[in-house]
Amino acid sequence: MLRLNRRLFIGSAAAASAALSAPAVLGQAKPRVVVVGGGAGGATAARYLAKDSAGAIEVTLVETNPVYTTCFFSNLYLGGFYAFEDLQHEVGTLSSAGVNVVIDTATGVDRAAKTVTLASGTVLPYDRLVLSPGIDFKEGSVPGWSVADAEVMPHAYKAGPQTQLLKAQVEAMPQGGVFAMITPPNPYRCPPGPYERISMIAHILKTSNPTAKILVADPKENFSKRALFEEGWDKHYPGMIERIGPEFGGDKFEVRPASMEVVIDGEVTKVDACNVIPAQQAGMIAAIAGVTADSGWAPVNPENMQAKADANVYVLGDASAQGDMPKSGFSANSQAKVAVNAIRGELTGSRVFPARYSNTCWSLIAPDDGVKVGAAYEPTPEKIASVSNFISQTGEDAALRKTTYEESLGWYSGIVADMYG
Amino acid sequence: MPGSFRPFRPLGAAVALALAAALPAGANPIGDAAEGARLFRQQCSACHQIGEGARNGVGPHLNGVFGRRAGAIDGYSYSRSMARMGADGLTWTLATLDAYVENPKALVSGTKMAYRGLKDDDARQDVMAYLRDHSDMPQNIPEAEPTARASMPALPPEILSIEGDVEFGEYLAAECLTCHRRDGADEGIPSITGWPAEDFVVAMHAYREKLRPHQVMQMMARRLANDEIAALAAYFETLGE
């Protein structure tokens, strides 16, 4: 029995119109979807497409790394709360959900011919293309630094060997040494990420190197969960962290990898480790596909994550420009489910339901001191808009903070199971 | 059970009382405390002590329960679920206690209180009145709340008889499954797989009305329409089969 209300009516109408326009695709053996990127957006999209269409759609996932390392929770590895292996997940497990997993790198997209070219030379035809390539860095955004310098001053903002290098550098700091961080301008992946990372490095230094200092150059006047972080820093790491905001020249910086120096507003500091998190843009393949705007991100339709440049292309997660949602693994996972519902509707005529999105970001400030921020989102004609939100409060008791931390561990377990099965 | 019709029983006190809380407070007694004492001896006293010298037994003692944070008695070993609810901010008020006694697992999913619940509204009010008489910190309690008689406005029948659309529920459930594991594992976030639909519906309404504490869940529940709650409940019940 179909209960008619406004939402379902819209959903059914959309499904019906999709079914009418579907025959061109349905005429061939099986509609094909190619997903580029095996992270929170891509893995979720591939798995749900295969699972929910029960074989009616041929789903191919292209991912460069056979083992995916999640960027979310990599700060907990830096803080010693997670082993590096805990962040790693075999992309190949998606084949048990019916996904054709291809370990290769997408190097070209021909939107007219509807094909993706891989580094190996393989050409994959598609009816719908899902791009979930994460981020790339904007060259020149940090004076004195280029990606080639990441072996000396790591970005550690794509999880993997870079994260391990940063941890090793922090641990090798001399007693009383200086750790520096250059934080990125908005928008960037994981808004609380740099500040959680500062907390985790402070936690490590507090026991192994208590006289060390942390120097942060920040071009942003404000940042995510600021009151919570600053309260926690005062409480757990008094006197250790110095953040220089733009009001004190934190937006005027230069780094010198050769001499291990950081220059902030003209003042030169010799540092022992330096984490450079540059300005960001959509993963390269989005620009190659021609679906990005001048901003470097790919504009999408708020109701289904379809690229504004091409109705056959969907862009998920960090790479998309969608409105109010933060660039997070949670967001990408949420967006993937909406996109999958829309793609299935277009290709197989299945029911299309109204989009709804959500996000929660947990951050760890110190052992058992977890905080969170989150919001619910709905599409408007202009953008994905926040409709309600919450944030942890300053002064919360220890029991609640511990519960919040334990909840974050549960979330990691949950989303990874949701992505890879 | 796609396709079958499942009438939900009327939503419990959880919802009714939340609605009542918005009404002007009266000063009527909650119920008949003497009758509550009889019911307590009959149904509760095997596990719970109350009154002078009461100590923890199978269950925690119940002196001063009104206004107390859930899971807060030192020396009593609570279920993980109750401890979590307390940490999240669940406080025993007339509304929350009444909801708990009516259907313990609907309010605190993993409670170790093996009590099926007291379904009769009047009997429950009598027990509430008895418990209230043994709450020794009335100064901590808003005067109106514990003494006001809970009224039970009937929810519109169209809400109570909604058939859960399982396919819609599956779509909506994708949002839950970012945190709650489909396989039912509980590693810091409770399992909702295979949860009885009735309990699911009561719990979601309790979050929506902010009877149950938890920032994320209150936000999630707030935008769920009644038919969406029914759809989710139907889907998660099938997931456990």
# chains A, B, ... in the order shown; residues from 1 in each chain; ligands from 1
$ closest_atom_pairs --of "chain B" --to "chain A" --cutoff "8 Å" --atoms "only C-alpha atoms" --output "tab-separated table"
residue	atom	partner	partner_atom	distance
B:Gly3	CA	A:Met1	CA	7.4
B:Arg84	CA	A:Thr403	CA	6.7
B:Ala87	CA	A:Leu400	CA	4.9
B:Asp88	CA	A:Leu400	CA	6.0
B:Asp165	CA	A:Leu2	CA	7.9
B:Phe168	CA	A:Phe353	CA	7.4
B:Tyr171	CA	A:Phe353	CA	7.6
B:Ala174	CA	A:Lys337	CA	6.8
B:Glu175	CA	A:Ser334	CA	6.5
B:Leu177	CA	A:Asp418	CA	6.6
B:Thr178	CA	A:Ile415	CA	4.8
B:Cys179	CA	A:Trp411	CA	4.6
B:His180	CA	A:Gly414	CA	5.7
B:Arg181	CA	A:Gly414	CA	4.9
B:Arg182	CA	A:Asp418	CA	7.8
B:Asp186	CA	A:Gly410	CA	7.3
B:Glu187	CA	A:Gly410	CA	4.8
B:Gly188	CA	A:Gly410	CA	4.2
B:Ile189	CA	A:Gly410	CA	5.0
B:Gln215	CA	A:Phe390	CA	6.6
B:Val216	CA	A:Gly374	CA	7.2
B:Met219	CA	A:Ser388	CA	6.9
B:Met220	CA	A:Ala376	CA	7.2
$ residues_around --residues "B:Gly59" --least-positions-apart "5" --cutoff "10 Å" --atoms "only C-alpha atoms" --output "JSON, numbers by chain"
{"B": [44, 45, 46, 47, 48, 49, 76, 77, 78, 112, 113]}
$ residues_around --residues "A:Ala168" --least-positions-apart "3" --cutoff "12 Å" --atoms "only C-alpha atoms" --output "list in words"
Tyr77, Leu78, Gly79, Gly80, Glu151, Val152, Met153, Pro154, Ala156, Pro161, Gln162, Thr163, Gln164, Leu165, Glu171, Ala172, Met173, Ile201, Ile204, Asp272, Ala273 and Cys274 of chain A
$ residues_around --residues "stretch 242-256 of chain A" --least-positions-apart "4" --cutoff "7 Å" --atoms "only C-alpha atoms" --output "number ranges by chain"
A: 142-145, 214-221, 260-265
$ write_last_selection --atoms "N, CA and C atoms" --output "CSV table (one decimal), in the first residue's frame"
chain,number,residue,atom,x,y,z
A,142,VAL,N,51.4,28.0,-0.2
A,142,VAL,CA,52.3,28.3,0.9
A,142,VAL,C,53.7,28.7,0.4
A,143,PRO,N,54.1,30.0,0.4
A,143,PRO,CA,55.3,30.4,-0.1
A,143,PRO,C,56.5,29.6,0.4
A,144,GLY,N,57.4,29.2,-0.5
A,144,GLY,CA,58.5,28.4,-0.1
A,144,GLY,C,58.3,26.9,-0.1
A,145,TRP,N,57.1,26.4,-0.3
A,145,TRP,CA,56.8,25.0,-0.2
A,145,TRP,C,56.1,24.5,-1.5
A,214,ILE,N,54.5,24.4,20.4
A,214,ILE,CA,53.8,24.2,19.1
A,214,ILE,C,53.4,25.6,18.6
A,215,LEU,N,53.9,25.9,17.4
A,215,LEU,CA,53.6,27.2,16.8
A,215,LEU,C,52.7,27.0,15.6
A,216,VAL,N,51.6,27.8,15.6
A,216,VAL,CA,50.6,27.6,14.5
A,216,VAL,C,50.4,28.9,13.8
A,217,ALA,N,50.6,28.9,12.5
A,217,ALA,CA,50.3,30.1,11.7
A,217,ALA,C,48.9,29.8,11.1
A,218,ASP,N,47.9,30.6,11.3
A,218,ASP,CA,46.6,30.4,10.9
A,218,ASP,C,46.0,31.6,10.1
A,219,PRO,N,45.7,31.4,8.8
A,219,PRO,CA,45.2,32.5,8.1
A,219,PRO,C,43.7,32.8,8.3
A,220,LYS,N,43.1,32.0,9.2
A,220,LYS,CA,41.6,32.2,9.4
A,220,LYS,C,41.4,32.9,10.8
A,221,GLU,N,40.4,33.8,10.7
A,221,GLU,CA,40.1,34.5,12.0
A,221,GLU,C,39.5,33.5,13.0
A,260,MET,N,64.9,24.5,7.5
A,260,MET,CA,63.9,24.2,8.6
A,260,MET,C,63.6,25.5,9.3
A,261,GLU,N,63.1,26.5,8.6
A,261,GLU,CA,62.7,27.7,9.2
A,261,GLU,C,61.3,28.1,8.8
A,262,VAL,N,60.6,28.7,9.6
A,262,VAL,CA,59.2,29.2,9.4
A,262,VAL,C,59.2,30.7,9.6
A,263,VAL,N,58.7,31.5,8.7
A,263,VAL,CA,58.7,32.9,8.8
A,263,VAL,C,57.2,33.3,8.9
A,264,ILE,N,56.8,33.9,10.1
A,264,ILE,CA,55.5,34.4,10.3
A,264,ILE,C,55.5,35.9,10.5
A,265,ASP,N,54.9,36.6,9.6
A,265,ASP,CA,54.8,38.1,9.7
A,265,ASP,C,56.2,38.7,9.9
$ atom_distance --atom1 "atom CA of B:Pro190" --atom2 "atom CA of B:Pro104"
15.7 Å
$ residues_around --residues "B:Ile229" --least-positions-apart "4" --cutoff "10 Å" --atoms "only C-alpha atoms" --output "list of chain:residue names"
B:Ile162, B:Gly164, B:Asp165, B:Gly169, B:Leu172, B:Ala197, B:Phe200, B:Val201, B:Val202, B:Ala203, B:Met204, B:His205, B:Ala221, B:Arg223, B:Leu224, B:Ala225, B:Ala233, B:Ala234, B:Tyr235
$ residues_around --residues "A:Ala29" --least-positions-apart "5" --cutoff "10 Å" --atoms "only C-alpha atoms" --output "PyMOL selection string"
chain A and resi 56-58
$ select_by_dssp --residues "stretch 4-169 of chain A" --states "strand (DSSP E or B)" --output "PyMOL selection string"
chain A and resi 32-36+58-63+67-69+88-90+100-103+106-110+115-118+123-125+128-131+135-137
$ atom_distance --atom1 "atom CA of A:Cys190" --atom2 "atom CA of A:Gly177"
27.4 Å
$ atom_distance --atom1 "atom CA of B:Leu39" --atom2 "atom CA of B:Ala123"
7.7 Å
$ residues_around --residues "A:Leu61" --least-positions-apart "6" --cutoff "8 Å" --atoms "only C-alpha atoms" --output "list in words"
Val34, Val35, Val36, Gly37, Gly38, Gly42, Ala43, Ala46, Val99, Asn100, Val101 and Val102 of chain A
$ write_last_selection --atoms "N, CA and C atoms" --output "PDB file, in the first residue's frame"
ATOM      1  N   VAL A  34      30.721   3.753 -13.339  1.00  0.00           N
ATOM      2  CA  VAL A  34      32.126   3.733 -12.932  1.00  0.00           C
ATOM      3  C   VAL A  34      32.291   4.714 -11.775  1.00  0.00           C
ATOM      4  N   VAL A  35      32.909   4.244 -10.696  1.00  0.00           N
ATOM      5  CA  VAL A  35      33.158   5.075  -9.521  1.00  0.00           C
ATOM      6  C   VAL A  35      34.661   5.282  -9.415  1.00  0.00           C
ATOM      7  N   VAL A  36      35.091   6.530  -9.331  1.00  0.00           N
ATOM      8  CA  VAL A  36      36.522   6.819  -9.190  1.00  0.00           C
ATOM      9  C   VAL A  36      36.798   7.283  -7.766  1.00  0.00           C
ATOM     10  N   GLY A  37      37.591   6.508  -7.040  1.00  0.00           N
ATOM     11  CA  GLY A  37      37.942   6.847  -5.658  1.00  0.00           C
ATOM     12  C   GLY A  37      37.328   5.859  -4.689  1.00  0.00           C
ATOM     13  N   GLY A  38      38.165   5.275  -3.827  1.00  0.00           N
ATOM     14  CA  GLY A  38      37.697   4.234  -2.913  1.00  0.00           C
ATOM     15  C   GLY A  38      37.615   4.671  -1.465  1.00  0.00           C
ATOM     16  N   GLY A  42      33.321   7.228  -2.489  1.00  0.00           N
ATOM     17  CA  GLY A  42      33.365   6.248  -3.564  1.00  0.00           C
ATOM     18  C   GLY A  42      33.053   4.828  -3.119  1.00  0.00           C
ATOM     19  N   ALA A  43      33.652   4.398  -2.020  1.00  0.00           N
ATOM     20  CA  ALA A  43      33.415   3.028  -1.545  1.00  0.00           C
ATOM     21  C   ALA A  43      31.949   2.858  -1.160  1.00  0.00           C
ATOM     22  N   ALA A  46      29.830   2.768  -4.412  1.00  0.00           N
ATOM     23  CA  ALA A  46      29.978   1.516  -5.152  1.00  0.00           C
ATOM     24  C   ALA A  46      29.256   0.377  -4.436  1.00  0.00           C
ATOM     25  N   VAL A  99      30.964  -5.569  -6.478  1.00  0.00           N
ATOM     26  CA  VAL A  99      31.634  -4.464  -7.166  1.00  0.00           C
ATOM     27  C   VAL A  99      32.850  -5.010  -7.908  1.00  0.00           C
ATOM     28  N   ASN A 100      33.025  -4.564  -9.136  1.00  0.00           N
ATOM     29  CA  ASN A 100      34.213  -4.900  -9.904  1.00  0.00           C
ATOM     30  C   ASN A 100      35.312  -3.917  -9.505  1.00  0.00           C
ATOM     31  N   VAL A 101      36.275  -4.376  -8.719  1.00  0.00           N
ATOM     32  CA  VAL A 101      37.305  -3.483  -8.180  1.00  0.00           C
ATOM     33  C   VAL A 101      38.516  -3.475  -9.106  1.00  0.00           C
ATOM     34  N   VAL A 102      38.906  -2.287  -9.553  1.00  0.00           N
ATOM     35  CA  VAL A 102      40.059  -2.144 -10.432  1.00  0.00           C
ATOM     36  C   VAL A 102      41.096  -1.277  -9.726  1.00  0.00           C
TER      37      VAL A 102
END
$ closest_residue --among "B:Gln42, B:Leu90, B:Gly67, B:Asn56" --to "B:His214" --atoms "only C-alpha atoms"
B:Leu90
$ select_by_dssp --residues "stretch 36-182 of chain B" --states "alpha helix (DSSP H)" --output "short mmCIF file (atom, residue, chain, number, x, y, z; two decimals) with C-alpha atoms, in the first residue's frame"
data_model
loop_
_atom_site.label_atom_id
_atom_site.label_comp_id
_atom_site.auth_asym_id
_atom_site.auth_seq_id
_atom_site.Cartn_x
_atom_site.Cartn_y
_atom_site.Cartn_z
CA GLY B 36 1.43 2.53 44.57
CA ALA B 37 2.97 1.02 47.72
CA ARG B 38 0.94 -2.13 47.22
CA LEU B 39 2.01 -2.38 43.58
CA PHE B 40 5.62 -1.72 44.52
CA ARG B 41 5.63 -4.59 47.05
CA GLN B 42 4.04 -6.86 44.49
CA GLN B 43 6.08 -5.98 41.39
CA ARG B 80 26.54 0.01 29.90
CA SER B 81 23.39 1.33 28.28
CA MET B 82 22.11 2.96 31.49
CA ALA B 83 25.52 4.43 32.25
CA ARG B 84 25.64 5.88 28.76
CA MET B 85 22.18 7.40 29.04
CA GLY B 86 23.15 8.98 32.34
CA ALA B 87 26.33 10.39 30.87
CA ASP B 88 24.29 11.74 27.97
CA LEU B 94 8.03 12.18 36.23
CA ALA B 95 8.02 11.99 32.46
CA THR B 96 11.16 9.92 32.03
CA LEU B 97 10.46 7.58 34.97
CA ASP B 98 6.94 7.00 33.75
CA ALA B 99 8.21 6.18 30.27
CA TYR B 100 10.84 3.86 31.73
CA VAL B 101 8.46 1.97 33.98
CA GLU B 102 5.99 1.61 31.14
CA PRO B 104 12.08 -0.11 30.20
CA LYS B 105 13.83 -1.21 27.02
CA ALA B 106 12.12 1.42 24.91
CA LEU B 107 13.78 4.16 26.94
CA ASP B 121 -1.56 4.17 33.01
CA ASP B 122 -3.40 4.59 36.32
CA ALA B 123 -1.38 1.89 38.08
CA ARG B 124 1.80 3.51 36.86
CA GLN B 125 0.72 6.89 38.19
CA ASP B 126 0.13 5.26 41.57
CA VAL B 127 3.66 3.85 41.57
CA MET B 128 5.01 7.25 40.55
CA ALA B 129 3.21 8.84 43.50
CA TYR B 130 4.78 6.27 45.84
CA LEU B 131 8.28 6.83 44.42
CA ARG B 132 7.74 10.57 44.66
CA ASP B 133 7.02 10.27 48.38
CA ALA B 144 5.01 21.73 39.30
CA GLU B 145 6.48 18.73 37.60
CA PRO B 146 6.37 15.95 40.15
CA THR B 147 3.05 16.93 41.60
CA PRO B 157 -5.27 7.61 15.15
CA GLU B 158 -3.61 8.29 11.81
CA ILE B 159 -0.24 8.41 13.58
CA LEU B 160 -0.89 5.24 15.49
CA VAL B 166 10.02 -0.96 4.33
CA GLU B 167 11.58 0.19 1.05
CA PHE B 168 11.41 3.84 2.13
CA GLY B 169 12.76 2.72 5.49
CA GLU B 170 15.74 1.08 3.80
CA TYR B 171 16.61 4.35 2.08
CA LEU B 172 16.22 6.37 5.28
CA ALA B 173 18.15 3.75 7.24
CA ALA B 174 21.28 4.43 5.20
CA GLU B 175 21.60 7.58 7.27
CA CYS B 176 21.50 5.57 10.52
#
$ closest_residue --among "B:Gly240, B:Pro213, B:Gly75, B:Gly53" --to "B:Val108" --atoms "only C-alpha atoms"
B:Pro213
